[in-house]
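J.: Can you keep this structure in mind? I'll have questions shortly.
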Amino acid sequence: MVFQLPTTVSSHHNPVLQPNECSSTLFQTIAAPASVVWALVSDFENPQRYKPFVRSCRIIDGQANQVGCLRRVDVASGLPASHSIERLEILDHDQRIFGFSIVGGDHRLSNYRSIMSLHPNGGNETVVVETYVIDAAEANTKEETCAFVDTIVKLNLRTLSRVAEDLAGKAQQQV
Ligand code: A8S
């Protein structure tokens, strides 16, 4: 599929990198309207709706869904970390752009930030584009760091697809 990003959002997905940073952009096509996908993505307080590793989440500073608020995310056992503190950076309902950064926690991800944008692709399809930037972990190469994060983000996007398609299907049955 050839997918052309609108110029208004392309800068978000083409970050300028420092020498110690690595970045990756992932795409997911979802058979659900952008409004359904956006309702899930923009709900900063409830990442567990589509992130399979998230066990619970609560707002610990600021007002939920206001830029600058902080959430504490507790993740499933068996991972190399137990929790993460994350800041809402961008929430643009018109352009459907969502961004957050990781500002604390007991994990090894340093200076992580991610931007997602949603693009209606005709009728009932949505293309999700997610770009993250992260510092290469101290003991790892950039490739190793990105491979670890890619695995998590890909799984999140695939689950987002499944949950959104499920919601869209249910909505249709009610009509
Ligand atoms: C996201 C992206 C990432 C989340 C990572 C990369 C994380 O929640 C998991 C394992 C870790 O070691 C780090 O969009 C951390 O959530 C699943 C706890 C931050």
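Residue names in the structure tokens use chain letters A, B, ... in the order shown, residue numbers from 1 in each chain, and ligand numbers from 1 in the order shown.
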Using DSSP on the backbone, list every residue of chain A that comes out as helix (DSSP H, G or I), and give them as a ChimeraX atom specification.

T.: /A:7-13,34-41,47-49,142-174

J.: Select from chain A every residue with an atom at most 6 Å from any atom of ligand 1, then for each give the shortest pair of atoms and their distance in Å to one decimal, using only C-alpha atoms and all ligand atoms, rows by chain and rising number, as CSV.

T.:
```
residue,atom,partner,partner_atom_place_in_ligand_line,distance
A:Phe53,CA,ligand 1,17 (C),5.3
A:Val75,CA,ligand 1,18 (C),6.0
A:Leu79,CA,ligand 1,10 (C),6.0
A:Pro80,CA,ligand 1,12 (O),5.0
A:Ala81,CA,ligand 1,12 (O),4.9
A:His83,CA,ligand 1,18 (C),5.2
A:Ser84,CA,ligand 1,19 (C),5.1
A:His107,CA,ligand 1,12 (O),5.2
A:Val149,CA,ligand 1,6 (C),4.8
A:Ile152,CA,ligand 1,6 (C),5.7
A:Val153,CA,ligand 1,2 (C),5.6
```

J.: Next, dump the selected residues to file, keeping only N, CA and C atoms, as a JSON list (two decimals), in the first residue's frame.

T.:
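File produced: again-v2.json:
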```json
[["chain", "number", "residue", "atom", "x", "y", "z"],
["A", 53, "PHE", "N", -0.04, -5.11, 27.75],
["A", 53, "PHE", "CA", 0.84, -5.26, 28.92],
["A", 53, "PHE", "C", 0.40, -4.40, 30.10],
["A", 75, "VAL", "N", 2.41, -2.27, 34.79],
["A", 75, "VAL", "CA", 2.41, -3.27, 33.73],
["A", 75, "VAL", "C", 2.42, -4.69, 34.29],
["A", 79, "LEU", "N", 7.61, -8.68, 32.96],
["A", 79, "LEU", "CA", 8.32, -7.70, 32.13],
["A", 79, "LEU", "C", 9.51, -7.17, 32.92],
["A", 80, "PRO", "N", 10.47, -6.54, 32.20],
["A", 80, "PRO", "CA", 11.64, -6.02, 32.93],
["A", 80, "PRO", "C", 11.34, -4.76, 33.75],
["A", 81, "ALA", "N", 10.09, -4.45, 33.96],
["A", 81, "ALA", "CA", 9.72, -3.24, 34.71],
["A", 81, "ALA", "C", 8.36, -3.46, 35.35],
["A", 83, "HIS", "N", 6.42, -0.38, 36.47],
["A", 83, "HIS", "CA", 5.57, 0.78, 36.20],
["A", 83, "HIS", "C", 6.29, 1.86, 35.40],
["A", 84, "SER", "N", 5.48, 2.79, 34.93],
["A", 84, "SER", "CA", 6.01, 3.87, 34.08],
["A", 84, "SER", "C", 5.21, 5.14, 34.37],
["A", 107, "HIS", "N", 11.84, 1.24, 34.66],
["A", 107, "HIS", "CA", 12.27, 0.54, 33.43],
["A", 107, "HIS", "C", 13.56, 1.19, 32.90],
["A", 149, "VAL", "N", 11.52, -2.07, 21.65],
["A", 149, "VAL", "CA", 10.36, -1.17, 21.63],
["A", 149, "VAL", "C", 9.43, -1.51, 20.46],
["A", 152, "ILE", "N", 6.93, -4.17, 21.37],
["A", 152, "ILE", "CA", 5.83, -3.71, 22.22],
["A", 152, "ILE", "C", 4.84, -2.87, 21.40],
["A", 153, "VAL", "N", 5.37, -1.93, 20.62],
["A", 153, "VAL", "CA", 4.48, -1.02, 19.88],
["A", 153, "VAL", "C", 3.67, -1.78, 18.83]]
```

J.: Taking 5 positions as the minimum chain separation for residues in the same chain, which residues sit within 10 Å of Thr141 in chain A when counting only C-alpha atoms? Answer as a PDB file with N, CA, C and O atoms, in the first residue's frame.

T.:
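New file around29.pdb:
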```pdb
ATOM      1  N   ASN A  20      22.729   9.832  19.866  1.00  0.00           N
ATOM      2  CA  ASN A  20      22.454   8.682  20.761  1.00  0.00           C
ATOM      3  C   ASN A  20      21.007   8.210  20.681  1.00  0.00           C
ATOM      4  O   ASN A  20      20.591   7.344  21.446  1.00  0.00           O
ATOM      5  N   CYS A  22      17.471   6.675  18.732  1.00  0.00           N
ATOM      6  CA  CYS A  22      16.968   5.897  17.617  1.00  0.00           C
ATOM      7  C   CYS A  22      15.460   6.080  17.533  1.00  0.00           C
ATOM      8  O   CYS A  22      14.814   6.507  18.483  1.00  0.00           O
ATOM      9  N   ASP A 135      16.371   7.226  23.560  1.00  0.00           N
ATOM     10  CA  ASP A 135      17.827   7.139  23.697  1.00  0.00           C
ATOM     11  C   ASP A 135      18.223   5.671  23.665  1.00  0.00           C
ATOM     12  O   ASP A 135      17.536   4.835  24.259  1.00  0.00           O
ATOM     13  N   ALA A 136      19.307   5.371  23.009  1.00  0.00           N
ATOM     14  CA  ALA A 136      19.815   3.997  23.051  1.00  0.00           C
ATOM     15  C   ALA A 136      20.118   3.659  24.512  1.00  0.00           C
ATOM     16  O   ALA A 136      20.719   4.455  25.229  1.00  0.00           O
ATOM     17  N   CYS A 146      15.693  -0.413  19.741  1.00  0.00           N
ATOM     18  CA  CYS A 146      14.535  -0.270  18.849  1.00  0.00           C
ATOM     19  C   CYS A 146      13.824  -1.602  18.640  1.00  0.00           C
ATOM     20  O   CYS A 146      12.591  -1.630  18.524  1.00  0.00           O
ATOM     21  N   ALA A 147      14.567  -2.693  18.596  1.00  0.00           N
ATOM     22  CA  ALA A 147      13.926  -4.000  18.402  1.00  0.00           C
ATOM     23  C   ALA A 147      12.998  -4.302  19.579  1.00  0.00           C
ATOM     24  O   ALA A 147      11.879  -4.788  19.405  1.00  0.00           O
TER      25      ALA A 147
END
```

J.: Identify which of the residues A:Arg49, A:Arg71, A:Val16, A:Val37 lies closest to Met116 in chain A, counting only C-alpha atoms when measuring atom-to-atom distances.

T.: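 For Met116 in chain A, the nearest of the candidates is A:Val37.
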
J.: List as a compact mmCIF listing (two decimals) with N, CA, C and O atoms, in the first residue's frame the protein and nucleic acid residues near Thr145 in chain A, meaning an atom at most 12 Å away when only C-alpha atoms are counted, but skip any in the same chain fewer than 2 places from it.

T.:
```txt
# COMPACT_ATOMS: atom_id res chain seq x y z
N ASN A 20 22.73 9.83 19.87
CA ASN A 20 22.45 8.68 20.76
C ASN A 20 21.01 8.21 20.68
O ASN A 20 20.59 7.34 21.45
N GLU A 21 20.21 8.78 19.78
CA GLU A 21 18.80 8.43 19.72
C GLU A 21 18.51 7.48 18.57
O GLU A 21 19.18 7.50 17.54
N CYS A 22 17.47 6.67 18.73
CA CYS A 22 16.97 5.90 17.62
C CYS A 22 15.46 6.08 17.53
O CYS A 22 14.81 6.51 18.48
N SER A 23 14.93 5.75 16.38
CA SER A 23 13.54 6.05 16.10
C SER A 23 12.98 5.01 15.15
O SER A 23 13.72 4.37 14.40
N SER A 24 11.68 4.86 15.18
CA SER A 24 11.05 3.93 14.26
C SER A 24 9.62 4.40 14.02
O SER A 24 9.02 5.02 14.88
N ARG A 108 14.02 0.66 31.77
CA ARG A 108 15.28 1.17 31.22
C ARG A 108 15.08 2.08 30.00
O ARG A 108 16.03 2.43 29.33
N LEU A 109 13.83 2.43 29.73
CA LEU A 109 13.58 3.30 28.58
C LEU A 109 13.91 4.73 28.97
O LEU A 109 13.37 5.26 29.93
N SER A 110 14.80 5.35 28.21
CA SER A 110 15.21 6.69 28.57
C SER A 110 14.82 7.67 27.47
O SER A 110 15.12 7.47 26.29
N TYR A 112 11.92 8.47 26.17
CA TYR A 112 11.00 7.93 25.16
C TYR A 112 9.88 8.91 24.88
O TYR A 112 9.29 9.47 25.80
N TYR A 132 8.15 6.73 17.28
CA TYR A 132 8.74 7.00 18.60
C TYR A 132 10.21 7.33 18.45
O TYR A 132 10.85 6.98 17.45
N VAL A 133 10.72 8.01 19.46
CA VAL A 133 12.15 8.33 19.55
C VAL A 133 12.59 7.94 20.95
O VAL A 133 11.84 8.13 21.91
N ILE A 134 13.79 7.37 21.06
CA ILE A 134 14.27 6.95 22.37
C ILE A 134 15.80 7.01 22.38
O ILE A 134 16.44 6.86 21.33
N ASP A 135 16.37 7.23 23.56
CA ASP A 135 17.83 7.14 23.70
C ASP A 135 18.22 5.67 23.67
O ASP A 135 17.54 4.84 24.26
N ALA A 136 19.31 5.37 23.01
CA ALA A 136 19.82 4.00 23.05
C ALA A 136 20.12 3.66 24.51
O ALA A 136 20.72 4.46 25.23
N ALA A 137 19.65 2.49 24.97
CA ALA A 137 19.88 2.09 26.36
C ALA A 137 21.37 1.92 26.60
O ALA A 137 22.11 1.55 25.69
N GLU A 138 21.80 2.19 27.84
CA GLU A 138 23.23 2.22 28.14
C GLU A 138 23.99 0.99 27.68
O GLU A 138 25.02 1.09 27.04
N ALA A 139 23.46 -0.18 28.02
CA ALA A 139 24.20 -1.41 27.72
C ALA A 139 23.86 -2.00 26.35
O ALA A 139 24.34 -3.06 25.99
N ASN A 140 22.98 -1.30 25.59
CA ASN A 140 22.51 -1.87 24.33
C ASN A 140 22.82 -0.97 23.14
O ASN A 140 23.02 0.22 23.29
N THR A 141 22.82 -1.57 21.97
CA THR A 141 22.96 -0.77 20.75
C THR A 141 21.60 -0.15 20.41
O THR A 141 20.57 -0.53 20.95
N LYS A 142 21.62 0.80 19.49
CA LYS A 142 20.38 1.41 19.03
C LYS A 142 19.45 0.35 18.44
O LYS A 142 18.24 0.37 18.64
N GLU A 143 20.04 -0.58 17.70
CA GLU A 143 19.24 -1.63 17.06
C GLU A 143 18.52 -2.48 18.10
O GLU A 143 17.35 -2.81 17.95
N ALA A 147 14.57 -2.69 18.60
CA ALA A 147 13.93 -4.00 18.40
C ALA A 147 13.00 -4.30 19.58
O ALA A 147 11.88 -4.79 19.41
N PHE A 148 13.45 -3.98 20.79
CA PHE A 148 12.63 -4.21 22.00
C PHE A 148 11.36 -3.36 21.94
O PHE A 148 10.24 -3.86 22.13
N VAL A 149 11.52 -2.07 21.65
CA VAL A 149 10.36 -1.17 21.63
C VAL A 149 9.43 -1.51 20.46
O VAL A 149 8.20 -1.51 20.62
N ASP A 150 9.99 -1.83 19.30
CA ASP A 150 9.16 -2.21 18.15
C ASP A 150 8.21 -3.35 18.50
O ASP A 150 7.05 -3.36 18.11
N THR A 151 8.75 -4.33 19.23
CA THR A 151 7.94 -5.50 19.60
C THR A 151 6.72 -5.06 20.40
O THR A 151 5.59 -5.50 20.15
N ILE A 152 6.93 -4.17 21.37
CA ILE A 152 5.83 -3.71 22.22
C ILE A 152 4.84 -2.87 21.40
O ILE A 152 3.62 -3.08 21.46
```

J.: Near range 57-64 of chain A, counting only C-alpha atoms, which residues have an atom at most 7 Å away, once you skip same-chain residues fewer than 5 positions from it, shown as a PDB file with all heavy atoms, in the first residue's frame?

T.:
```pdb
ATOM      1  N   GLU A  45      -6.244   8.225  30.026  1.00  0.00           N
ATOM      2  CA  GLU A  45      -6.409   7.624  31.347  1.00  0.00           C
ATOM      3  C   GLU A  45      -6.542   6.100  31.274  1.00  0.00           C
ATOM      4  O   GLU A  45      -6.383   5.409  32.278  1.00  0.00           O
ATOM      5  CB  GLU A  45      -7.688   8.208  31.970  1.00  0.00           C
ATOM      6  CG  GLU A  45      -7.639   8.337  33.453  1.00  0.00           C
ATOM      7  CD  GLU A  45      -8.899   9.016  34.009  1.00  0.00           C
ATOM      8  OE1 GLU A  45      -9.639   9.658  33.236  1.00  0.00           O
ATOM      9  OE2 GLU A  45      -9.121   8.883  35.205  1.00  0.00           O
ATOM     10  N   ASN A  46      -6.849   5.568  30.091  1.00  0.00           N
ATOM     11  CA  ASN A  46      -7.182   4.138  29.990  1.00  0.00           C
ATOM     12  C   ASN A  46      -6.425   3.395  28.894  1.00  0.00           C
ATOM     13  O   ASN A  46      -7.040   2.786  28.006  1.00  0.00           O
ATOM     14  CB  ASN A  46      -8.699   3.988  29.769  1.00  0.00           C
ATOM     15  CG  ASN A  46      -9.487   4.429  30.981  1.00  0.00           C
ATOM     16  OD1 ASN A  46      -9.403   3.808  32.045  1.00  0.00           O
ATOM     17  ND2 ASN A  46     -10.233   5.513  30.837  1.00  0.00           N
ATOM     18  N   CYS A  69      -0.783  16.556  31.916  1.00  0.00           N
ATOM     19  CA  CYS A  69      -1.134  15.652  33.022  1.00  0.00           C
ATOM     20  C   CYS A  69      -0.227  14.421  32.981  1.00  0.00           C
ATOM     21  O   CYS A  69       0.350  14.076  31.950  1.00  0.00           O
ATOM     22  CB  CYS A  69      -2.611  15.265  33.003  1.00  0.00           C
ATOM     23  SG  CYS A  69      -3.076  14.113  31.699  1.00  0.00           S
ATOM     24  N   LEU A  70      -0.082  13.786  34.150  1.00  0.00           N
ATOM     25  CA  LEU A  70       0.781  12.598  34.273  1.00  0.00           C
ATOM     26  C   LEU A  70      -0.067  11.390  34.636  1.00  0.00           C
ATOM     27  O   LEU A  70      -0.993  11.492  35.439  1.00  0.00           O
ATOM     28  CB  LEU A  70       1.821  12.789  35.388  1.00  0.00           C
ATOM     29  CG  LEU A  70       2.850  13.913  35.256  1.00  0.00           C
ATOM     30  CD1 LEU A  70       3.793  13.877  36.465  1.00  0.00           C
ATOM     31  CD2 LEU A  70       3.656  13.777  33.968  1.00  0.00           C
ATOM     32  N   ARG A  71       0.270  10.245  34.040  1.00  0.00           N
ATOM     33  CA  ARG A  71      -0.382   8.996  34.426  1.00  0.00           C
ATOM     34  C   ARG A  71       0.674   8.031  34.943  1.00  0.00           C
ATOM     35  O   ARG A  71       1.842   8.084  34.534  1.00  0.00           O
ATOM     36  CB  ARG A  71      -1.127   8.368  33.236  1.00  0.00           C
ATOM     37  CG  ARG A  71      -0.241   7.834  32.128  1.00  0.00           C
ATOM     38  CD  ARG A  71      -1.060   7.298  30.930  1.00  0.00           C
ATOM     39  NE  ARG A  71      -0.185   6.905  29.821  1.00  0.00           N
ATOM     40  CZ  ARG A  71      -0.622   6.631  28.580  1.00  0.00           C
ATOM     41  NH1 ARG A  71      -1.908   6.717  28.288  1.00  0.00           N
ATOM     42  NH2 ARG A  71       0.228   6.278  27.633  1.00  0.00           N
ATOM     43  N   ARG A  72       0.246   7.186  35.882  1.00  0.00           N
ATOM     44  CA  ARG A  72       1.101   6.081  36.316  1.00  0.00           C
ATOM     45  C   ARG A  72       0.523   4.807  35.722  1.00  0.00           C
ATOM     46  O   ARG A  72      -0.651   4.477  35.927  1.00  0.00           O
ATOM     47  CB  ARG A  72       1.111   5.974  37.845  1.00  0.00           C
ATOM     48  CG  ARG A  72       1.986   4.803  38.316  1.00  0.00           C
ATOM     49  CD  ARG A  72       1.784   4.481  39.788  1.00  0.00           C
ATOM     50  NE  ARG A  72       2.285   3.139  40.061  1.00  0.00           N
ATOM     51  CZ  ARG A  72       3.415   2.879  40.725  1.00  0.00           C
ATOM     52  NH1 ARG A  72       4.146   3.856  41.205  1.00  0.00           N
ATOM     53  NH2 ARG A  72       3.800   1.629  40.907  1.00  0.00           N
ATOM     54  N   VAL A  73       1.358   4.108  34.970  1.00  0.00           N
ATOM     55  CA  VAL A  73       0.941   2.883  34.299  1.00  0.00           C
ATOM     56  C   VAL A  73       1.629   1.713  34.996  1.00  0.00           C
ATOM     57  O   VAL A  73       2.856   1.698  35.109  1.00  0.00           O
ATOM     58  CB  VAL A  73       1.360   2.921  32.802  1.00  0.00           C
ATOM     59  CG1 VAL A  73       1.060   1.594  32.133  1.00  0.00           C
ATOM     60  CG2 VAL A  73       0.668   4.067  32.077  1.00  0.00           C
ATOM     61  N   ASP A  74       0.855   0.766  35.494  1.00  0.00           N
ATOM     62  CA  ASP A  74       1.435  -0.456  36.058  1.00  0.00           C
ATOM     63  C   ASP A  74       1.306  -1.571  35.027  1.00  0.00           C
ATOM     64  O   ASP A  74       0.232  -1.766  34.449  1.00  0.00           O
ATOM     65  CB  ASP A  74       0.740  -0.813  37.370  1.00  0.00           C
ATOM     66  CG  ASP A  74       1.197   0.097  38.499  1.00  0.00           C
ATOM     67  OD1 ASP A  74       2.213  -0.235  39.141  1.00  0.00           O
ATOM     68  OD2 ASP A  74       0.570   1.159  38.690  1.00  0.00           O
TER      69      ASP A  74
END
```
